[in-house]
Each structure stands twice: as structure tokens, then as C-alpha cells.
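Peer 1: Let me give you the structure first, and then I'll get to my questions.
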Amino acid sequence: MIDLSTNPFNLNDEQIQKVTKICNDMTLDEKIGQIFCPIGNVQDEKEIDEFIQKYKPGAMMYRPLPSKEIKRIHHRLQSQSKIPLLLAANLESGGNGICLDGTYFARQMSVAATNQEKFAYDLGMIAGKEAHAVGCNWSFAPIVDIDYNFLNPITNIRTYGSNQETIIKFADCQIEALKENHILPCIKHFPGDGVDMRDQHLLSSVNDLTVDKWNNSYGKIYQHFINNGIGSIMVGHILLPHHIKEINPECNEEDYMPASLSKEILTVLLRNKLGFNGLVVTDATAMIGFNVAMSRSKALPLCIERGCDMILFNKNIDEDYMFIKNGLKEGLLSQKRLDEAVLRIIGTKMANGLFDHSEVEESEKIVGCIEHQSLAKECAKQAITLVKEQKGVLPLTSDKYKKIRIYNLTDQDNGGFKEEGTQLSLTNLLQKEGFNVYEFDTKRLDFQEVFEGGIKDIKEKCDLVIYVANYDTASNQTTRRVEWIKLMASNAPWFMQDVPTIFVSLANPYHLFDVPMIKTYINCYTNNDQTLQVLVDKLLGKEKFVGKSPVDVYCGRWDTKR
């Protein structure tokens, strides 16, 4: 029996009685609805009403929309729901996780680069205030993964880095601020992403740390937050083979399941050994890492049977609901486990005040406000890191550099869920400072330069070259490395020994792996407007570089340090 009087619920007798009565009075369809958190794709009020009436979900999550629109939708959803909904958002970087006009404060790695816990609190405060103002109450953040593998394309700047003590301290501050603003934090991605170089969106990835190494890293992190009363944890489609082997020596390797489907990891490790009593939600079940582990018709009921409480997202929602019903009939899912999951969900809602109908503040005064934008700029000032500096290149002056060429490096195609990113350009900002700046045109290559141009030619065209890499961390990517033009790598820095060259990364901090020859290299970690504005001030010598890297930007290699 689940004890709702202890962490993380801490309910009194009256609240426990209310939760128990709500659960006992629910129909089977209502209980099945409670364990689902569908992606929101209806905005018309009539369609919202029909959706809630038909599916009766326990939670929902919409991708970012204008604040007025998402506030209207959230209000309508709650008004039509018999039981209050958990309304989720990826509040990883600020209020922009739910509002298109919300504050893009900073990526977690940018916050860590400041080496000031204050900015982690600011991240949680801004995200929490802006999300609460539009009716959001559940944050799929902070991320408490360890960025061990510099080739991992999905953790990267979304993490607080590779030091577990930093992760704990900064996530603590972020969690405190979220809670103060009526947002339930959900830490992720148990049992820990960042070891594998692959993305669980595309396969079941692997955390292959030994039992001792995991216990002393990810284990310590999760134990800390569980002891401190974290209310919800997101479980990834990540294999933890050494723990499975220790817990169940008879299990064959071909039968190892990702954590979201593993009884050994969910029930034995997370529930029993680490003592987590709160709400467990799967990572998105639309991910390939979930669907390739076993048939979806079995995976959905079994993920609940083996220890999850809520299913994040759907494929065909009617089919998915039917899979749960069929799982109950076929014995894949017991009524006991379904009831336990529903009890935890309702208990979580009671513990976080969802049954208390309180008015939210006017979102127009909060979302994207000047105060929050100013705090984002302060964070950027403290975060931007000068990793390598060639003597004499900085600061930039228009006398020293009459003509500047900029190479913009970014994805060649769209895809993955990225932050909106900066609306400004380094080219325009430098032009406003009096520099003669032009961009290398990748669409219209100068074939004479590509095939025949020499040092004299490039020097006639520019006195300084600046590379601006914007490979933002995004889902469904196999790599976040620099990509050069295939034709003769014609935008690569072959001339760097003769023309002063600066490389700026707005996002991924590990690009020295691909440009070890570059002598002046800067990491920004966050590709928002404030960061680009501050970057210009630092390039011109108006601001000092003070950020400290929270990861090994040299990627464990000697050649990148030269």
C-alpha cells in the first residue's frame, strides 16, 4: 500500500481520505485516462471539450504557443476536466518552454558556466513564474544527467555539466524556485543519460557504467533528490545492463529492457533501493527507444505493471487506450498496479495544490518581461567562456580589422525540437559598431576562390574571419558536430595560419574536436539574443570573459589544447 503521509506527498488524514475517495469513485475508463499524458494538438474550444470528455487524461502537454493562446487553452482544459490536470512543459531554459513570447533565459550548461548558484535559482524562478502565469503546473526539468560523453547529441548544453556536485547544487536551486512558483519539478532522465553517444529518441541507448560507478555518480544524484522529496521522476528508454545483471542474474542479455520497461530498474532499483515513492512518468513513448524494445501493444501495459505511473505521449491515442484495456484483460497489467498508479497521480495532484482553485496573475505583465530579460543578460555576462586566445587578436577594433568575413555554421535541414534561438545576427551587431562585415555565401560559392584562390586572395577579401557555429542540442539527431560544405570543404579554415580566425560556438561546447587548429575559441552555451549582444561587448573589450567551462571542452585530447 502506498503511504501518502510520507515523502514526497506529505498529505494529512483529511487529504488522504479525499484522494482515496476520488480513486474509489473512478470508473475504469477514468482510471485509464489518468495514466496518460497526451501531446496537446487541439486548440478550438469545442474540440478541447470533446477531447477531455472522450479521453479523460490525467495530464497534457502542449508545445510552446503565444502566452495568451496557451493560457486560454489551459484554462479551458481545466474547466472541462472532472479531475484537475497536470499541465506539463519542458521548462529547461526558461518560460520559452511553454510560451513563444516567454523568456529564453539560458541553457543549464550556461548557468553552470557562471559558477553562481544564483542563476540556477533565476532559471527556475523565471520559468516557474511565466509558466504559472499561463496555467502550467508541471516542469519536465531540471535535467540531472551527467554530460560524460562529448559526442552525446542530446544531453550536452541541456545539462549542468560533468561534475555531479555541481549538478546537485544547481538543480537544488532550480527546484526550489520552481516549487516557490507553484510548479511541480520532474527530474530526468533516470537512470541517467550522457554516457552513450547515441540518442534514445532513435534507439534504446545504454548507460553501461558498472554498478559501483553508477551508484557513486547517477545513484548519488537521484538518492539526493529522492531524500529531499522530489515529487516526480521521468524514466528514459535507457538500458542499465550492469544493474540488471546484478539484480537478476538469470536474465539473458537479449531480454534486457530499457528502464521504462524494466522491473529490475523501476521496481527493484528506483522504488526499493533508492526508496522513491512519488510519481514516475515515462519519457515520450513515441520515441523509437521505447517502441523497438517490444511490441507497443505489450509495452504500454507492461511499463505500468513494472513500475511507471504515467505514459507520456501517444502514437494512435485510441489504439493506445485499447492496449491498456487489452493488457488488463490478458494479465499484462494488474488492476492492483493500475490502482497504485492512479493513487500516486491523484496524490501528487493533491500534494501540489491542484484541487485548490487559485487565480493566476496577469500573464501580460510576467511573460517575457523586461526584468526577466535583464536577468538573462546578466547570466550571459557571467557565462560566456574564452577557451583559447591567440595573442593580439582580441579585442576587435575597426582600425585593426577593416573587413570581417563571417561563416555561419548550422544545420542544413530542419528537425528536432530546438529552442527558438537568437533573432539577431553577429553580422548586424558588428556592422552597428562600425565594422565592415559580410557573410560567406554558402548558396553561391565563388568557384575561383574554392579551386584556385590563395592566401593573397583571401587577404584581399578580409582582415579577420569569425566562425559562428549554432548546432543547438535537439532531439532525433545522431551528431552535433561541425559539418563542412562537401565541395572541397570550401568553408573550412584552411587559411587560419595567415588570417586571424575566431571560432564562436553559440551552443555545443565541444567543437574544438573538429577545429583543434583554431587558436581563439569562445563558448556561449546559449543561442539567445542576450548572449549574442553580450558576446559583441566581450569581443570589443567592453566586457571581460569570466565564464568557466563546466565540462572538458578539449574532449580528452592533447591536440585541441595547442
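Here, A, B, ... name the chains of the C-alpha cells in the order displayed, residue numbers run from 1 inside each chain, and ligands are numbered from 1 in the same displayed order.
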Counting only C-alpha atoms, what is within 6 Å of Trp138 (chain A), bar same-chain residues fewer than 4 positions away, as a PyMOL selection string?

Peer 2: chain A and resi 87-88+183-184

Peer 1: Those selected residues, please, written with all heavy atoms and delivered as an mmCIF file, in the first residue's frame.

Peer 2:
```cif
data_model
loop_
_atom_site.group_PDB
_atom_site.id
_atom_site.type_symbol
_atom_site.label_atom_id
_atom_site.label_comp_id
_atom_site.auth_asym_id
_atom_site.auth_seq_id
_atom_site.Cartn_x
_atom_site.Cartn_y
_atom_site.Cartn_z
ATOM 1 N N LEU A 87 -0.493 19.934 -16.144
ATOM 2 C CA LEU A 87 -0.232 20.554 -17.442
ATOM 3 C C LEU A 87 1.266 20.822 -17.541
ATOM 4 O O LEU A 87 1.810 21.679 -16.844
ATOM 5 C CB LEU A 87 -1.044 21.840 -17.590
ATOM 6 C CG LEU A 87 -2.564 21.611 -17.633
ATOM 7 C CD1 LEU A 87 -3.315 22.934 -17.630
ATOM 8 C CD2 LEU A 87 -2.963 20.777 -18.854
ATOM 9 N N ALA A 88 1.917 20.060 -18.394
ATOM 10 C CA ALA A 88 3.373 19.974 -18.403
ATOM 11 C C ALA A 88 4.017 20.852 -19.467
ATOM 12 O O ALA A 88 3.382 21.262 -20.448
ATOM 13 C CB ALA A 88 3.795 18.522 -18.614
ATOM 14 N N ILE A 183 5.088 25.197 -9.269
ATOM 15 C CA ILE A 183 5.374 24.258 -10.351
ATOM 16 C C ILE A 183 5.988 22.995 -9.751
ATOM 17 O O ILE A 183 6.931 23.063 -8.955
ATOM 18 C CB ILE A 183 6.352 24.862 -11.382
ATOM 19 C CG1 ILE A 183 5.803 26.178 -11.957
ATOM 20 C CG2 ILE A 183 6.621 23.857 -12.495
ATOM 21 C CD1 ILE A 183 4.549 26.048 -12.789
ATOM 22 N N LEU A 184 5.457 21.833 -10.138
ATOM 23 C CA LEU A 184 6.000 20.540 -9.700
ATOM 24 C C LEU A 184 7.184 20.178 -10.590
ATOM 25 O O LEU A 184 7.018 19.980 -11.802
ATOM 26 C CB LEU A 184 4.916 19.462 -9.803
ATOM 27 C CG LEU A 184 5.374 18.001 -9.676
ATOM 28 C CD1 LEU A 184 5.918 17.734 -8.277
ATOM 29 C CD2 LEU A 184 4.239 17.047 -10.019
#
```

Peer 1: Once DSSP has gone over the backbone, tell me which residues of region 103-250 of chain A are in helix (DSSP H, G or I), as a PyMOL selection string.

Peer 2: chain A and resi 108-113+117-133+156-158+164-180+211-215+218-227+241-247

Peer 1: Write out as a VMD selection string which residues come within 6 Å of region 523-532 of chain A when counting only C-alpha atoms, dropping same-chain ones fewer than 6 positions away.

Peer 2: chain A and resid 106 to 107 110 377 380 384 to 385 421 to 422 505 to 507 509

Peer 1: So that I have them on file, write out the residues from the current selection with all heavy atoms, as a tab-separated table (two decimals), in the first residue's frame.

Peer 2:
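result10.tsv was written with the following content:
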```
chain	number	residue	atom	x	y	z
A	106	ALA	N	18.43	30.79	-20.27
A	106	ALA	CA	19.75	30.18	-20.54
A	106	ALA	C	19.62	28.68	-20.51
A	106	ALA	O	18.77	28.12	-19.82
A	106	ALA	CB	20.77	30.63	-19.51
A	107	ARG	N	20.50	28.02	-21.24
A	107	ARG	CA	20.64	26.58	-21.12
A	107	ARG	C	21.30	26.26	-19.78
A	107	ARG	O	22.03	27.07	-19.22
A	107	ARG	CB	21.50	26.03	-22.25
A	107	ARG	CG	20.86	26.13	-23.63
A	107	ARG	CD	19.70	25.18	-23.76
A	107	ARG	NE	19.39	24.92	-25.17
A	107	ARG	CZ	18.68	23.89	-25.60
A	107	ARG	NH1	18.21	23.01	-24.74
A	107	ARG	NH2	18.44	23.72	-26.88
A	110	SER	N	25.00	26.80	-19.58
A	110	SER	CA	25.34	28.22	-19.49
A	110	SER	C	25.27	28.69	-18.04
A	110	SER	O	26.15	29.41	-17.55
A	110	SER	CB	24.39	29.04	-20.36
A	110	SER	OG	24.76	30.39	-20.40
A	377	LYS	N	20.46	38.53	-19.52
A	377	LYS	CA	21.68	39.21	-19.98
A	377	LYS	C	22.78	39.10	-18.92
A	377	LYS	O	23.96	38.89	-19.25
A	377	LYS	CB	21.38	40.67	-20.29
A	377	LYS	CG	22.49	41.36	-21.06
A	377	LYS	CD	22.02	42.70	-21.63
A	377	LYS	CE	23.08	43.29	-22.55
A	377	LYS	NZ	22.62	44.56	-23.17
A	380	ALA	N	24.35	35.72	-19.14
A	380	ALA	CA	25.25	35.62	-20.29
A	380	ALA	C	26.59	36.29	-20.00
A	380	ALA	O	27.65	35.77	-20.39
A	380	ALA	CB	24.60	36.26	-21.52
A	384	ILE	N	29.70	33.34	-20.69
A	384	ILE	CA	30.48	33.20	-21.93
A	384	ILE	C	31.96	32.98	-21.59
A	384	ILE	O	32.54	33.71	-20.79
A	384	ILE	CB	30.30	34.43	-22.83
A	384	ILE	CG1	28.83	34.54	-23.28
A	384	ILE	CG2	31.21	34.33	-24.06
A	384	ILE	CD1	28.52	35.80	-24.06
A	385	THR	N	32.54	31.96	-22.21
A	385	THR	CA	33.87	31.48	-21.82
A	385	THR	C	34.87	31.61	-22.96
A	385	THR	O	34.64	31.10	-24.06
A	385	THR	CB	33.78	30.00	-21.39
A	385	THR	OG1	32.79	29.86	-20.38
A	385	THR	CG2	35.11	29.51	-20.88
A	421	GLY	N	15.96	30.22	-30.34
A	421	GLY	CA	17.25	30.76	-30.73
A	421	GLY	C	17.22	32.26	-30.98
A	421	GLY	O	16.17	32.91	-30.97
A	422	THR	N	18.40	32.82	-31.23
A	422	THR	CA	18.53	34.25	-31.39
A	422	THR	C	17.87	34.75	-32.67
A	422	THR	O	17.91	34.09	-33.71
A	422	THR	CB	20.01	34.67	-31.38
A	422	THR	OG1	20.10	36.09	-31.54
A	422	THR	CG2	20.80	33.98	-32.49
A	505	SER	N	31.17	29.29	-30.63
A	505	SER	CA	30.07	28.33	-30.59
A	505	SER	C	28.95	28.91	-29.73
A	505	SER	O	29.14	29.20	-28.55
A	505	SER	CB	30.52	27.00	-30.00
A	505	SER	OG	29.40	26.14	-29.87
A	506	LEU	N	27.78	29.07	-30.32
A	506	LEU	CA	26.62	29.57	-29.58
A	506	LEU	C	25.97	28.48	-28.74
A	506	LEU	O	25.20	28.76	-27.83
A	506	LEU	CB	25.59	30.16	-30.54
A	506	LEU	CG	26.02	31.38	-31.35
A	506	LEU	CD1	24.88	31.85	-32.24
A	506	LEU	CD2	26.49	32.51	-30.45
A	507	ALA	N	26.26	27.22	-29.05
A	507	ALA	CA	25.58	26.12	-28.37
A	507	ALA	C	26.60	25.06	-27.94
A	507	ALA	O	27.25	25.20	-26.91
A	507	ALA	CB	24.49	25.53	-29.27
A	509	PRO	N	29.51	22.99	-26.78
A	509	PRO	CA	30.82	23.48	-26.33
A	509	PRO	C	32.01	22.66	-26.81
A	509	PRO	O	33.14	22.98	-26.46
A	509	PRO	CB	30.71	23.39	-24.81
A	509	PRO	CG	29.85	22.19	-24.59
A	509	PRO	CD	28.83	22.21	-25.71
```

Peer 1: Please identify all polymer residues within 6 Å of region 197-206 of chain A, counting only C-alpha atoms, omitting same-chain residues fewer than 6 positions from it, and present them as a PyMOL selection string.

Peer 2: chain A and resi 151-152+237-239+287-289+476

Peer 1: Write out the residues from the selection above, keeping N, CA, C and O atoms, as a tab-separated table (two decimals), in the first residue's frame.

Peer 2:
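Output below, filename out_33.tsv:
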```tsv
chain	number	residue	atom	x	y	z
A	151	LEU	N	30.33	13.31	-27.29
A	151	LEU	CA	29.68	13.01	-28.56
A	151	LEU	C	28.17	12.76	-28.41
A	151	LEU	O	27.49	12.57	-29.40
A	152	ASN	N	27.67	12.76	-27.17
A	152	ASN	CA	26.23	12.57	-26.98
A	152	ASN	C	25.50	13.79	-27.55
A	152	ASN	O	25.77	14.92	-27.16
A	237	HIS	N	14.32	5.72	-21.92
A	237	HIS	CA	14.40	4.45	-22.64
A	237	HIS	C	15.89	4.09	-22.75
A	237	HIS	O	16.47	4.02	-23.84
A	238	ILE	N	16.48	3.90	-21.56
A	238	ILE	CA	17.92	3.74	-21.42
A	238	ILE	C	18.21	2.43	-20.68
A	238	ILE	O	17.67	2.19	-19.60
A	239	LEU	N	19.03	1.60	-21.26
A	239	LEU	CA	19.41	0.34	-20.64
A	239	LEU	C	20.47	0.55	-19.57
A	239	LEU	O	21.37	1.40	-19.73
A	287	MET	N	9.00	7.77	-28.83
A	287	MET	CA	10.41	7.58	-29.17
A	287	MET	C	10.66	6.15	-29.66
A	287	MET	O	10.05	5.20	-29.19
A	288	ILE	N	11.61	6.06	-30.55
A	288	ILE	CA	11.97	4.75	-31.10
A	288	ILE	C	12.56	3.86	-30.01
A	288	ILE	O	12.35	2.64	-29.99
A	289	GLY	N	13.29	4.47	-29.08
A	289	GLY	CA	13.89	3.70	-28.00
A	289	GLY	C	12.89	2.92	-27.16
A	289	GLY	O	13.25	1.91	-26.56
A	476	ASN	N	16.41	13.64	-31.97
A	476	ASN	CA	16.45	12.92	-33.24
A	476	ASN	C	17.65	13.31	-34.12
A	476	ASN	O	17.55	13.32	-35.34
```

Peer 1: Return the single residue from A:Asp101, A:Glu250, A:Asp318, A:Glu460 that is closest to Val134 (chain A), with distances computed using only C-alpha atoms.

Peer 2: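 Looking at the shortest contact to Val134 (chain A), the residue is A:Asp101.
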
Peer 1: Quick one: of A:Asp514, A:Asp208, A:Asp25, A:Asp193, who's nearest to Ile146 (chain A), counting only C-alpha atoms?

Peer 2: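 Of all the options, A:Asp193 lies closest to Ile146 (chain A).
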
Peer 1: Excluding region 301-310 of chain A and its own-chain neighbours fewer than 2 positions away, which residues fall within 7 Å of it when counting only C-alpha atoms? Please give them as a ChimeraX atom specification.

Peer 2: /A:35-37,260-263,266-267,279-282,298-299,312,323-324,327,332-334,337,341

Peer 1: Just write the chosen residues, N, CA and C atoms, as a PDB file, in the first residue's frame.

Peer 2:
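The resulting again03.pdb:
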```
ATOM      1  N   ILE A  35      -3.708   7.741 -16.400  1.00  0.00           N
ATOM      2  CA  ILE A  35      -2.306   7.337 -16.578  1.00  0.00           C
ATOM      3  C   ILE A  35      -1.712   7.841 -17.889  1.00  0.00           C
ATOM      4  N   PHE A  36      -2.480   8.625 -18.643  1.00  0.00           N
ATOM      5  CA  PHE A  36      -1.978   9.143 -19.921  1.00  0.00           C
ATOM      6  C   PHE A  36      -1.731  10.645 -19.856  1.00  0.00           C
ATOM      7  N   CYS A  37      -0.625  11.063 -20.470  1.00  0.00           N
ATOM      8  CA  CYS A  37      -0.321  12.480 -20.686  1.00  0.00           C
ATOM      9  C   CYS A  37      -0.140  12.677 -22.190  1.00  0.00           C
ATOM     10  N   SER A 260      12.419   2.237 -18.825  1.00  0.00           N
ATOM     11  CA  SER A 260      10.976   2.490 -18.875  1.00  0.00           C
ATOM     12  C   SER A 260      10.162   1.204 -18.956  1.00  0.00           C
ATOM     13  N   LEU A 261      10.822   0.079 -19.219  1.00  0.00           N
ATOM     14  CA  LEU A 261      10.134  -1.212 -19.334  1.00  0.00           C
ATOM     15  C   LEU A 261      10.778  -2.291 -18.458  1.00  0.00           C
ATOM     16  N   SER A 262      11.645  -1.879 -17.546  1.00  0.00           N
ATOM     17  CA  SER A 262      12.411  -2.843 -16.766  1.00  0.00           C
ATOM     18  C   SER A 262      11.940  -2.896 -15.317  1.00  0.00           C
ATOM     19  N   LYS A 263      11.451  -4.046 -14.891  1.00  0.00           N
ATOM     20  CA  LYS A 263      11.053  -4.213 -13.487  1.00  0.00           C
ATOM     21  C   LYS A 263      12.264  -4.097 -12.582  1.00  0.00           C
ATOM     22  N   LEU A 266      12.941  -0.192 -12.509  1.00  0.00           N
ATOM     23  CA  LEU A 266      11.841   0.599 -11.960  1.00  0.00           C
ATOM     24  C   LEU A 266      11.478   0.205 -10.532  1.00  0.00           C
ATOM     25  N   THR A 267      11.240  -1.076 -10.328  1.00  0.00           N
ATOM     26  CA  THR A 267      10.729  -1.531  -9.029  1.00  0.00           C
ATOM     27  C   THR A 267      11.850  -1.819  -8.036  1.00  0.00           C
ATOM     28  N   LEU A 279       5.724  10.042  -8.158  1.00  0.00           N
ATOM     29  CA  LEU A 279       5.168   9.792  -9.490  1.00  0.00           C
ATOM     30  C   LEU A 279       6.282   9.517 -10.500  1.00  0.00           C
ATOM     31  N   VAL A 280       6.174   8.374 -11.186  1.00  0.00           N
ATOM     32  CA  VAL A 280       7.114   8.025 -12.253  1.00  0.00           C
ATOM     33  C   VAL A 280       6.400   8.159 -13.588  1.00  0.00           C
ATOM     34  N   VAL A 281       6.941   8.997 -14.457  1.00  0.00           N
ATOM     35  CA  VAL A 281       6.395   9.161 -15.800  1.00  0.00           C
ATOM     36  C   VAL A 281       7.430   8.674 -16.804  1.00  0.00           C
ATOM     37  N   THR A 282       6.972   8.004 -17.850  1.00  0.00           N
ATOM     38  CA  THR A 282       7.894   7.586 -18.902  1.00  0.00           C
ATOM     39  C   THR A 282       8.380   8.808 -19.665  1.00  0.00           C
ATOM     40  N   LYS A 298       2.165  -4.562 -26.045  1.00  0.00           N
ATOM     41  CA  LYS A 298       2.611  -5.110 -24.762  1.00  0.00           C
ATOM     42  C   LYS A 298       3.357  -4.055 -23.933  1.00  0.00           C
ATOM     43  N   ALA A 299       4.091  -3.199 -24.630  1.00  0.00           N
ATOM     44  CA  ALA A 299       4.941  -2.238 -23.925  1.00  0.00           C
ATOM     45  C   ALA A 299       4.131  -1.275 -23.057  1.00  0.00           C
ATOM     46  N   LEU A 312       3.775   9.042 -21.162  1.00  0.00           N
ATOM     47  CA  LEU A 312       3.936  10.328 -21.828  1.00  0.00           C
ATOM     48  C   LEU A 312       3.774  10.193 -23.342  1.00  0.00           C
ATOM     49  N   PHE A 323      -4.831  -0.699 -25.946  1.00  0.00           N
ATOM     50  CA  PHE A 323      -3.747  -1.567 -25.498  1.00  0.00           C
ATOM     51  C   PHE A 323      -3.772  -1.729 -23.978  1.00  0.00           C
ATOM     52  N   ILE A 324      -4.105  -0.667 -23.254  1.00  0.00           N
ATOM     53  CA  ILE A 324      -4.200  -0.760 -21.794  1.00  0.00           C
ATOM     54  C   ILE A 324      -5.378  -1.648 -21.394  1.00  0.00           C
ATOM     55  N   GLY A 327      -4.486  -5.131 -22.130  1.00  0.00           N
ATOM     56  CA  GLY A 327      -3.475  -5.583 -21.188  1.00  0.00           C
ATOM     57  C   GLY A 327      -4.078  -6.015 -19.864  1.00  0.00           C
ATOM     58  N   LEU A 332      -1.415  -8.703 -18.599  1.00  0.00           N
ATOM     59  CA  LEU A 332      -0.155  -7.972 -18.702  1.00  0.00           C
ATOM     60  C   LEU A 332      -0.096  -6.861 -17.656  1.00  0.00           C
ATOM     61  N   LEU A 333      -1.249  -6.300 -17.332  1.00  0.00           N
ATOM     62  CA  LEU A 333      -1.359  -5.238 -16.342  1.00  0.00           C
ATOM     63  C   LEU A 333      -2.391  -5.655 -15.305  1.00  0.00           C
ATOM     64  N   SER A 334      -2.022  -5.609 -14.045  1.00  0.00           N
ATOM     65  CA  SER A 334      -2.948  -5.978 -12.974  1.00  0.00           C
ATOM     66  C   SER A 334      -3.771  -4.765 -12.548  1.00  0.00           C
ATOM     67  N   ARG A 337      -1.851  -2.760  -9.880  1.00  0.00           N
ATOM     68  CA  ARG A 337      -0.840  -1.790 -10.340  1.00  0.00           C
ATOM     69  C   ARG A 337      -1.508  -0.568 -10.964  1.00  0.00           C
ATOM     70  N   ALA A 341      -0.956   3.249  -9.538  1.00  0.00           N
ATOM     71  CA  ALA A 341      -0.532   4.357 -10.396  1.00  0.00           C
ATOM     72  C   ALA A 341      -1.490   5.530 -10.279  1.00  0.00           C
TER      73      ALA A 341
END
```

Peer 1: Could you jot down the CA of Cys173 (chain A) to CA of Ala120 (chain A) separation for me, Å, one decimal place?

Peer 2: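 Atom-to-atom, CA of Cys173 (chain A) to CA of Ala120 (chain A), that is 5.6 Å.
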